[in-house]
$ cat structure.tsv   # TSV, C-alpha atoms and all ligand atoms
chain	number	residue	atom	x	y	z
A	230	MET	CA	0.00	0.00	0.00
A	231	LYS	CA	1.40	3.32	-1.09
A	232	ILE	CA	0.55	6.75	0.30
A	233	SER	CA	1.73	9.34	-2.16
A	234	ALA	CA	-0.37	8.34	-5.15
A	235	ALA	CA	-3.65	10.07	-4.30
A	236	ASN	CA	-4.93	12.73	-1.90
A	237	ASP	CA	-7.27	10.50	0.05
A	238	LEU	CA	-4.41	8.10	0.78
A	239	THR	CA	-3.57	9.32	4.24
A	240	PHE	CA	-2.14	6.96	6.81
A	241	PHE	CA	-5.44	7.08	8.68
A	242	ASN	CA	-7.65	6.47	5.63
A	243	ILE	CA	-5.59	3.45	4.64
A	244	ALA	CA	-5.75	2.03	8.16
A	245	HIS	CA	-9.49	2.62	8.23
A	246	GLU	CA	-10.17	1.09	4.81
A	247	ALA	CA	-8.08	-1.98	5.69
A	248	ALA	CA	-9.68	-2.44	9.11
A	249	VAL	CA	-13.30	-1.62	8.35
A	250	ARG	CA	-14.08	-2.15	4.65
A	251	LYS	CA	-11.58	-4.84	3.73
A	252	GLY	CA	-11.36	-6.74	6.98
A	253	MET	CA	-7.59	-7.15	6.87
A	254	GLU	CA	-5.79	-7.90	10.12
A	255	VAL	CA	-2.33	-6.91	8.93
A	256	ILE	CA	-1.46	-4.29	6.34
A	257	GLY	CA	1.92	-3.02	5.16
A	258	ILE	CA	2.09	0.66	4.33
A	259	ILE	CA	5.02	1.95	2.35
A	260	ASP	CA	6.06	5.59	2.46
A	261	CYS	CA	6.39	5.39	6.23
A	262	HIS	CA	9.95	6.63	5.70
A	263	SER	CA	8.51	10.02	4.77
A	264	PRO	CA	8.83	12.57	7.63
A	265	SER	CA	5.35	13.97	6.95
A	266	VAL	CA	3.82	10.50	7.20
A	267	GLN	CA	5.74	9.98	10.44
A	268	ASP	CA	4.25	13.25	11.79
A	269	ASP	CA	0.83	11.91	10.91
A	270	ILE	CA	1.50	8.65	12.72
A	271	MET	CA	2.65	10.50	15.85
A	272	THR	CA	-0.57	12.53	15.86
A	273	TYR	CA	-2.69	9.37	15.98
A	274	LEU	CA	-0.45	7.81	18.63
A	275	ASP	CA	-0.75	10.97	20.76
A	276	ARG	CA	-4.53	11.01	20.42
A	277	GLY	CA	-4.67	7.37	21.45
A	278	GLU	CA	-6.45	6.35	18.22
A	279	MET	CA	-3.52	4.11	17.39
A	280	GLU	CA	-0.87	2.45	19.53
A	281	GLU	CA	2.52	0.89	19.04
A	282	LEU	CA	2.41	-2.87	19.51
A	283	GLU	CA	4.91	-4.55	21.79
A	284	GLY	CA	5.87	-7.03	19.08
A	285	GLY	CA	6.26	-4.27	16.52
A	286	GLY	CA	3.84	-2.51	14.22
A	287	ILE	CA	1.01	-0.11	14.98
A	288	ARG	CA	-2.50	-1.09	16.00
A	289	TYR	CA	-5.62	0.60	14.67
A	290	GLN	CA	-8.84	-1.09	15.80
A	291	ASP	CA	-8.23	-4.79	15.05
A	292	THR	CA	-5.64	-4.17	12.35
A	293	ALA	CA	-1.85	-4.12	12.71
A	294	ILE	CA	0.00	-1.76	10.40
A	295	MET	CA	3.54	-2.65	9.31
A	296	LEU	CA	5.82	0.33	8.69
A	297	GLY	CA	7.41	0.00	5.28
A	298	THR	CA	9.14	1.85	2.49
A	299	GLU	CA	9.91	1.15	-1.16
A	300	ILE	CA	13.36	2.13	-2.38
A	301	GLU	CA	14.89	2.12	-5.84
A	302	VAL	CA	18.41	0.79	-6.28
A	303	ARG	CA	20.51	0.88	-9.41
A	304	GLU	CA	23.86	-0.82	-9.76
A	305	PRO	CA	26.35	0.32	-12.42
A	306	GLY	CA	25.51	-1.23	-15.79
A	307	ARG	CA	22.13	-2.51	-14.60
A	308	GLY	CA	18.55	-1.29	-14.73
A	309	PRO	CA	16.68	-0.08	-11.63
A	310	ALA	CA	14.99	-2.37	-9.11
A	311	HIS	CA	12.49	-1.71	-6.32
A	312	LEU	CA	13.04	-3.16	-2.86
A	313	LEU	CA	10.68	-3.08	0.11
A	314	ALA	CA	12.00	-2.56	3.62
A	315	TYR	CA	9.93	-2.95	6.79
A	316	MET	CA	10.97	-1.70	10.21
A	317	PRO	CA	9.76	-2.98	13.60
A	318	ASN	CA	8.67	0.39	14.96
A	319	LEU	CA	8.51	4.12	14.40
A	320	VAL	CA	11.84	4.88	16.08
A	321	ALA	CA	13.64	2.39	13.85
A	322	MET	CA	11.97	3.86	10.79
A	323	GLN	CA	12.89	7.39	11.82
A	324	GLY	CA	16.52	6.36	12.25
A	325	PHE	CA	16.43	4.72	8.84
A	326	THR	CA	15.02	7.93	7.32
A	327	GLN	CA	17.91	9.89	8.81
A	328	TRP	CA	20.38	7.49	7.20
A	329	MET	CA	18.60	7.53	3.81
A	330	LYS	CA	18.48	11.33	3.76
A	331	GLY	CA	22.22	11.40	3.15
A	332	HIS	CA	21.92	9.13	0.10
A	333	MET	CA	18.73	10.36	-1.54
A	334	LYS	CA	17.62	13.53	-3.32
A	335	ASN	CA	14.26	13.98	-1.56
A	336	VAL	CA	13.39	11.68	1.31
A	337	GLU	CA	9.76	12.92	1.37
A	338	LEU	CA	8.91	11.25	-1.92
A	339	SER	CA	7.90	7.73	-2.76
A	340	SER	CA	10.09	4.97	-4.24
A	341	GLN	CA	13.12	7.24	-4.55
A	342	ARG	CA	16.50	6.15	-5.87
A	343	ILE	CA	19.11	5.58	-3.20
A	344	TYR	CA	22.71	6.19	-4.22
A	345	VAL	CA	24.39	3.28	-2.44
A	346	PRO	CA	24.97	-0.30	-3.62
A	347	ALA	CA	22.03	-2.63	-2.99
A	348	ARG	CA	24.07	-4.74	-0.55
A	349	ILE	CA	24.90	-1.70	1.58
A	350	LEU	CA	21.21	-0.83	1.73
A	351	GLN	CA	20.45	-4.43	2.67
A	352	GLU	CA	23.00	-4.38	5.53
A	353	GLU	CA	21.60	-1.10	6.79
A	354	VAL	CA	18.01	-2.43	6.81
A	355	LEU	CA	18.94	-5.67	8.59
A	356	GLY	CA	21.21	-3.87	11.05
A	357	ARG	CA	18.22	-1.82	12.22
A	358	GLY	CA	16.07	-4.89	12.87
A	359	GLY	CA	14.28	-4.49	9.55
A	360	ILE	CA	13.52	-6.96	6.78
A	361	LEU	CA	14.07	-6.72	3.05
A	362	ILE	CA	11.65	-7.95	0.36
A	363	PRO	CA	12.38	-7.39	-3.34
A	364	ALA	CA	9.22	-5.82	-4.83
A	365	HIS	CA	7.16	-7.05	-7.82
A	366	ILE	CA	10.26	-8.99	-8.89
A	367	PHE	CA	9.36	-9.59	-12.56
A	368	THR	CA	7.78	-6.31	-13.72
A	369	PRO	CA	9.47	-4.85	-16.80
A	370	HIS	CA	10.56	-1.40	-15.64
A	371	LYS	CA	11.82	-1.51	-12.08
A	372	SER	CA	12.47	-4.92	-10.63
A	373	VAL	CA	15.23	-7.39	-9.82
A	374	TYR	CA	14.45	-9.86	-12.63
A	375	GLY	CA	12.46	-7.56	-14.91
A	376	SER	CA	15.01	-4.81	-15.43
A	377	ALA	CA	18.06	-5.16	-13.17
A	378	SER	CA	19.44	-8.65	-13.63
A	379	THR	CA	19.02	-12.30	-14.46
A	380	ARG	CA	19.91	-13.43	-10.92
A	381	MET	CA	18.89	-12.09	-7.52
A	382	GLU	CA	22.37	-12.87	-6.20
A	383	HIS	CA	23.87	-10.27	-8.55
A	384	LEU	CA	22.29	-7.58	-6.40
A	385	LEU	CA	21.67	-8.94	-2.95
A	386	ASP	CA	22.87	-11.35	-0.31
A	387	LEU	CA	20.27	-14.13	-0.55
A	388	ASP	CA	20.50	-14.94	3.16
A	389	GLY	CA	19.35	-11.42	3.97
A	390	ILE	CA	16.08	-11.59	2.02
A	391	SER	CA	12.92	-12.43	3.98
A	392	ALA	CA	10.55	-13.03	1.05
A	393	VAL	CA	9.97	-11.98	-2.53
A	394	GLU	CA	6.89	-10.21	-3.86
A	395	LEU	CA	5.48	-11.90	-6.96
A	396	GLY	CA	3.61	-8.91	-8.35
A	397	LEU	CA	0.19	-8.92	-9.95
A	398	SER	CA	1.19	-10.55	-13.23
A	399	ALA	CA	2.82	-13.70	-11.81
A	400	ASP	CA	1.88	-16.58	-9.51
A	401	SER	CA	3.71	-19.38	-7.64
A	402	ASP	CA	3.59	-21.77	-10.60
A	403	MET	CA	5.28	-19.26	-12.87
A	404	ALA	CA	7.94	-18.33	-10.29
A	405	GLY	CA	8.59	-22.06	-9.71
A	406	LEU	CA	10.38	-22.18	-13.07
A	407	ILE	CA	13.34	-20.30	-11.57
A	408	SER	CA	15.39	-22.41	-9.14
A	409	GLU	CA	16.97	-19.42	-7.42
A	410	LEU	CA	13.54	-18.67	-5.92
A	411	ASP	CA	12.97	-22.10	-4.31
A	412	ARG	CA	14.33	-20.94	-0.97
A	413	PHE	CA	12.10	-17.87	-0.64
A	414	THR	CA	8.65	-17.31	0.77
A	415	PHE	CA	6.38	-15.73	-1.85
A	416	VAL	CA	4.19	-12.81	-0.84
A	417	THR	CA	1.19	-11.58	-2.78
A	418	ASN	CA	0.71	-7.94	-1.87
A	419	SER	CA	-1.84	-5.56	-3.35
A	420	ASP	CA	0.67	-2.82	-4.34
A	421	ALA	CA	-2.39	-0.59	-4.08
A	422	HIS	CA	-2.16	3.04	-5.12
A	423	SER	CA	-5.77	3.76	-4.23
A	424	LEU	CA	-8.05	2.76	-1.35
A	425	GLY	CA	-10.26	0.57	-3.53
A	426	LYS	CA	-7.33	-1.58	-4.60
A	427	ILE	CA	-6.28	-2.52	-1.06
A	428	GLY	CA	-6.54	-6.27	-0.70
A	429	ARG	CA	-6.74	-7.11	-4.41
A	430	GLU	CA	-3.93	-9.50	-3.47
A	431	TYR	CA	-3.14	-10.65	0.06
A	432	ASN	CA	-1.53	-13.37	2.18
A	433	GLU	CA	-3.26	-15.65	4.66
A	434	MET	CA	-0.85	-16.09	7.56
A	435	LYS	CA	-0.58	-18.34	10.61
A	436	LEU	CA	0.50	-16.00	13.41
A	437	ALA	CA	0.16	-16.09	17.20
A	438	ALA	CA	-0.75	-12.39	17.05
A	439	PRO	CA	-0.75	-9.71	14.38
A	440	THR	CA	2.65	-8.09	15.07
A	441	TYR	CA	5.87	-7.38	13.21
A	442	GLU	CA	7.80	-10.09	15.08
A	443	GLU	CA	5.21	-12.69	14.17
A	444	LEU	CA	5.23	-11.56	10.54
A	445	VAL	CA	8.99	-12.02	10.38
A	446	LYS	CA	8.69	-15.52	11.83
A	447	ALA	CA	6.01	-16.38	9.27
A	448	LEU	CA	8.13	-15.20	6.37
A	449	HIS	CA	10.99	-17.36	7.65
A	450	CYS	CA	8.69	-20.34	8.42
A	451	GLN	CA	9.73	-20.39	12.09
A	452	GLU	CA	7.94	-21.95	15.08
A	453	GLY	CA	4.93	-23.01	13.04
A	454	ARG	CA	4.29	-19.50	11.76
A	455	ARG	CA	3.91	-19.38	8.02
A	456	ILE	CA	2.09	-18.06	5.01
A	457	ALA	CA	-0.87	-20.44	4.82
A	458	ALA	CA	-2.11	-19.33	1.41
A	459	ASN	CA	-1.52	-16.72	-1.25
A	460	TYR	CA	-4.52	-14.94	-2.71
A	461	GLY	CA	-3.56	-13.30	-5.95
A	462	LEU	CA	-4.98	-11.84	-9.06
A	463	ASN	CA	-5.20	-14.29	-11.90
A	464	PRO	CA	-1.87	-13.34	-13.55
A	465	ARG	CA	-3.65	-12.95	-16.89
A	466	LEU	CA	-5.34	-9.87	-15.41
A	467	GLY	CA	-2.05	-8.26	-14.39
A	468	LYS	CA	-0.99	-5.30	-16.49
A	469	TYR	CA	2.37	-6.71	-17.52
A	470	HIS	CA	1.51	-10.37	-18.01
A	471	ARG	CA	2.44	-10.71	-21.67
A	472	THR	CA	4.70	-8.75	-24.00
A	473	TYR	CA	3.13	-5.68	-25.61
A	474	CYS	CA	4.22	-4.20	-28.96
A	475	SER	CA	3.76	-0.44	-29.12
A	476	LEU	CA	3.95	-0.46	-32.93
A	477	CYS	CA	1.18	-3.03	-33.48
A	478	GLU	CA	-0.45	-1.86	-30.23
A	479	SER	CA	-1.21	-5.45	-29.45
A	480	ILE	CA	-0.56	-7.87	-26.64
A	481	LEU	CA	1.25	-10.92	-27.90
A	482	ASP	CA	-0.92	-13.44	-26.16
A	483	GLU	CA	-0.96	-17.14	-27.06
A	484	ARG	CA	1.90	-16.54	-29.45
A	485	ALA	CA	5.59	-17.23	-29.29
A	486	VAL	CA	7.35	-16.08	-26.15
A	487	THR	CA	9.33	-12.94	-26.77
A	488	VAL	CA	11.47	-10.59	-24.78
A	489	GLU	CA	13.39	-8.92	-27.59
A	490	ARG	CA	11.15	-8.24	-30.60
A	491	CYS	CA	7.55	-8.30	-31.64
A	492	THR	CA	6.79	-11.65	-33.25
A	493	ASP	CA	4.41	-9.96	-35.71
A	494	CYS	CA	6.19	-6.88	-37.01
A	495	GLY	CA	9.74	-7.33	-35.72
A	496	SER	CA	9.69	-4.01	-33.83
A	497	ASN	CA	11.88	-3.76	-30.74
A	498	LYS	CA	9.52	-1.19	-29.22
A	499	ILE	CA	8.05	-3.69	-26.83
A	500	VAL	CA	7.21	-3.87	-23.14
A	501	ARG	CA	8.37	-7.26	-21.95
A	502	GLY	CA	5.72	-9.43	-20.43
A	503	VAL	CA	6.31	-10.99	-17.01
A	504	MET	CA	5.47	-14.43	-18.32
A	505	ASP	CA	7.78	-13.98	-21.31
A	506	ARG	CA	10.56	-12.83	-19.00
A	507	ILE	CA	10.10	-15.78	-16.64
A	508	LEU	CA	10.20	-18.25	-19.51
A	509	ALA	CA	13.41	-16.62	-20.75
A	510	LEU	CA	15.02	-16.95	-17.29
A	511	ALA	CA	13.61	-20.40	-16.52
A	512	ASP	CA	16.24	-23.01	-15.68
A	513	ARG	CA	13.79	-25.91	-15.56
A	514	GLU	CA	11.01	-27.12	-17.83
A	515	GLN	CA	8.43	-27.99	-15.21
A	516	THR	CA	7.49	-25.77	-12.35
A	517	TYR	CA	8.71	-26.91	-8.92
A	518	LEU	CA	6.80	-26.11	-5.75
A	519	PRO	CA	8.78	-26.91	-2.58
A	520	PRO	CA	6.81	-28.73	0.15
A	521	TYR	CA	6.45	-25.55	2.17
A	522	ARG	CA	4.92	-23.59	-0.70
A	523	PRO	CA	1.29	-22.78	0.26
A	524	PRO	CA	-1.64	-22.98	-2.15
A	525	TYR	CA	-2.11	-20.04	-4.46
A	526	HIS	CA	-5.74	-19.00	-4.92
A	527	PHE	CA	-6.77	-16.82	-7.79
A	528	GLN	CA	-9.14	-14.04	-7.03
A	529	VAL	CA	-10.85	-11.54	-9.25
A	530	PRO	CA	-11.33	-8.31	-7.32
A	531	LEU	CA	-14.81	-6.82	-7.49
A	532	GLU	CA	-13.61	-3.87	-9.56
A	533	PHE	CA	-12.95	-6.29	-12.42
A	534	ILE	CA	-16.50	-7.68	-12.44
A	535	PRO	CA	-18.43	-6.38	-15.49
A	536	GLY	CA	-21.49	-4.31	-14.62
A	537	LEU	CA	-20.55	-3.89	-10.96
A	538	GLY	CA	-20.35	-0.12	-10.48
A	539	PRO	CA	-19.62	1.85	-7.30
A	540	LYS	CA	-23.29	1.87	-6.23
A	541	LYS	CA	-23.70	-1.87	-6.33
A	542	LEU	CA	-20.30	-2.31	-4.75
A	543	ASP	CA	-21.35	-0.16	-1.79
A	544	GLN	CA	-24.56	-2.14	-1.55
A	545	LEU	CA	-22.58	-5.40	-1.36
A	546	LEU	CA	-20.23	-4.02	1.28
A	547	ARG	CA	-23.14	-2.78	3.37
A	548	ARG	CA	-24.74	-6.21	3.29
A	549	PHE	CA	-21.67	-8.47	3.64
A	550	GLY	CA	-19.20	-6.23	5.44
A	551	THR	CA	-15.99	-6.67	3.49
A	552	GLU	CA	-14.81	-7.41	-0.04
A	553	MET	CA	-13.27	-10.68	1.19
A	554	ASN	CA	-16.66	-11.79	2.47
A	555	VAL	CA	-18.27	-10.98	-0.86
A	556	LEU	CA	-15.59	-12.78	-2.87
A	557	HIS	CA	-15.18	-15.89	-0.75
A	558	ARG	CA	-17.91	-16.28	1.89
A	559	THR	CA	-21.26	-15.57	0.28
A	560	THR	CA	-23.64	-18.03	-1.35
A	561	PRO	CA	-24.74	-17.54	-4.98
A	562	GLU	CA	-28.31	-17.01	-3.72
A	563	GLU	CA	-27.25	-14.23	-1.36
A	564	LEU	CA	-25.35	-12.51	-4.16
A	565	GLU	CA	-28.24	-12.85	-6.59
A	566	SER	CA	-30.69	-11.30	-4.16
A	567	GLU	CA	-28.48	-8.19	-3.89
A	568	ILE	CA	-27.16	-7.61	-7.39
A	569	GLY	CA	-29.07	-9.86	-9.75
A	570	GLU	CA	-28.28	-13.11	-11.45
A	571	GLU	CA	-25.88	-11.95	-14.15
A	572	ILE	CA	-23.36	-10.07	-11.99
A	573	ALA	CA	-23.62	-12.73	-9.28
A	574	SER	CA	-22.72	-15.37	-11.84
A	575	TYR	CA	-19.46	-13.58	-12.65
A	576	ILE	CA	-18.44	-13.65	-8.99
A	577	VAL	CA	-19.32	-17.34	-8.71
A	578	LYS	CA	-17.44	-18.19	-11.92
A	579	ALA	CA	-14.44	-16.23	-10.68
A	580	ARG	CA	-14.32	-18.51	-7.61
A	581	GLU	CA	-14.39	-21.58	-9.80
A	582	GLY	CA	-11.74	-20.18	-12.14
A	583	ASN	CA	-14.23	-20.30	-15.02
A	584	LEU	CA	-14.27	-16.69	-16.18
A	585	LEU	CA	-13.14	-15.86	-19.69
A	586	LEU	CA	-10.27	-13.42	-19.43
A	587	GLU	CA	-8.59	-11.08	-21.86
A	588	VAL	CA	-4.89	-10.98	-21.03
A	589	GLY	CA	-3.09	-7.83	-19.79
A	590	GLY	CA	0.18	-6.33	-21.04
A	591	GLY	CA	2.09	-3.11	-21.68
A	592	GLY	CA	0.59	-1.42	-18.62
A	593	ARG	CA	-3.03	-2.33	-19.41
A	594	TYR	CA	-4.86	-4.62	-17.02
A	595	GLY	CA	-6.51	-7.73	-18.36
A	596	LYS	CA	-10.29	-7.85	-18.46
A	597	VAL	CA	-13.12	-10.17	-17.65
A	598	LYS	CA	-14.86	-10.83	-20.96
A	599	ASN	CA	-18.55	-10.03	-21.12
A	600	ARG	CA	-20.76	-12.97	-21.74
A	601	SER	CA	-21.72	-12.85	-25.39
A	701	ZN	ZN	7.64	-0.53	-7.13
A	702	ZN	ZN	4.51	-5.43	-33.47
$ encode --input "structure.tsv" --output "structure tokens" --more "lines below"
Ligand SMILES: [Zn+2]
Ligand SMILES: [Zn+2]
Amino acid sequence: MKISAANDLTFFNIAHEAAVRKGMEVIGIIDCHSPSVQDDIMTYLDRGEMEELEGGGIRYQDTAIMLGTEIEVREPGRGPAHLLAYMPNLVAMQGFTQWMKGHMKNVELSSQRIYVPARILQEEVLGRGGILIPAHIFTPHKSVYGSASTRMEHLLDLDGISAVELGLSADSDMAGLISELDRFTFVTNSDAHSLGKIGREYNEMKLAAPTYEELVKALHCQEGRRIAANYGLNPRLGKYHRTYCSLCESILDERAVTVERCTDCGSNKIVRGVMDRILALADREQTYLPPYRPPYHFQVPLEFIPGLGPKKLDQLLRRFGTEMNVLHRTTPEELESEIGEEIASYIVKAREGNLLLEVGGGGRYGKVKNRS
């Protein structure tokens, strides 16, 4: 979850949306490195509307907020990559901000480039009790595999990585083609830049309590804590799933895999698809899922359902409480009685994995096809 992208994305609004409308018990907020966001946090702590948890993180109602930041690194001769860092508490994050200030142009802004080698950043994060998670690792413009390198180990010390974020256009099966990833926990985060998109992807976790310490244990599969399931967008709906040719203006779906040129017109003005990139990097033919890899459930967020506008969405949330309830815990009959048979049938088909999808690419999300 990212703060800077829109005006209504204040720390409080995000906490409220996550706690009340989405029903999430843990949410990571990036941009907590920003001094103005930290001021905001202190206001709510002072007023007693939020409190720092003993095990790390900040509590608002029944939701624990993890303090995070997204940072861009760029090694000589390589493209940029985004990394997520989470800190146990506000003091640790404030100290980290002070350190970053000396290596960044404007520490207020989001996802800023830091002018130190990735491994130095990694040491700094871990040294402060934080954790490091490479972000949306396959996306074409700013990610470890998508733009920076062919191997994670070229940038980072693998022992100092707590998990990797798959991004919206990939799932566990796809990532299982790359053996370097076998050792890592996969997280499916929403990467939301607006309130509505919170929870479009999420992780089901086994924790003793919603705190930072417990989260870290879960990512490292310690003491029975773990990620129990990933809930992610069907990767075909992700906006970088397949390669896009800006000359043909088409997404090269169901055609030859390509990361260099358009297979139709030969143009090199393409945006590499995540699936195409993974197949190019794959060092095995069949996907491998280690025994500890949890199930990966596809979900189609309500905003993708044809005919379901804001009014009907509000109606559903009023009746069923949260988007997760609507998506996973309602009966077809209940849905039909609220929004009619046709829209209800899309939600039911989405659960069964039976929706017809138009694939995404080049920055355009995929779509649920209308029944014709
Ligand atoms: Zn990013
Ligand atoms: Zn083309």
$ atom_distance --input "structure.tsv" --atom1 "CA of Glu581 (chain A)" --atom2 "CA of Val597 (chain A)"
13.9 Å
$ atom_distance --input "structure.tsv" --atom1 "CA of Ala310 (chain A)" --atom2 "CA of Ile343 (chain A)"
10.7 Å
$ closest_residue --input "structure.tsv" --among "A:Asp400, A:Asp493, A:Glu565, A:Asp512" --to "ligand ZN 702 (chain A)" --atoms "only C-alpha atoms and all ligand atoms"
A:Asp493
$ atom_distance --input "structure.tsv" --atom1 "CA of Arg342 (chain A)" --atom2 "CA of Ile294 (chain A)"
24.5 Å
$ residues_near_point --input "structure.tsv" --point "(5.8, -3.2, -28.1)" --cutoff "9 Å" --atoms "all atoms listed in the file" --output "list of chain:residue names"
A:Thr472, A:Tyr473, A:Cys474, A:Ser475, A:Leu476, A:Cys477, A:Glu478, A:Ser479, A:Ile480, A:Leu481, A:Arg490, A:Cys491, A:Ser496, A:Asn497, A:Lys498, A:Ile499, A:Val500, A:Arg501, A:Gly591
$ closest_atom_pairs --input "structure.tsv" --of "chain A" --to "ligand ZN 701 (chain A)" --cutoff "7 Å" --atoms "only C-alpha atoms and all ligand atoms" --output "CSV"
residue,atom,partner,partner_atom,distance
A:Glu299,CA,A:ZN701,ZN,6.6
A:His311,CA,A:ZN701,ZN,5.1
A:Ser340,CA,A:ZN701,ZN,6.7
A:Ala364,CA,A:ZN701,ZN,6.0
A:His365,CA,A:ZN701,ZN,6.6
A:Lys371,CA,A:ZN701,ZN,6.6
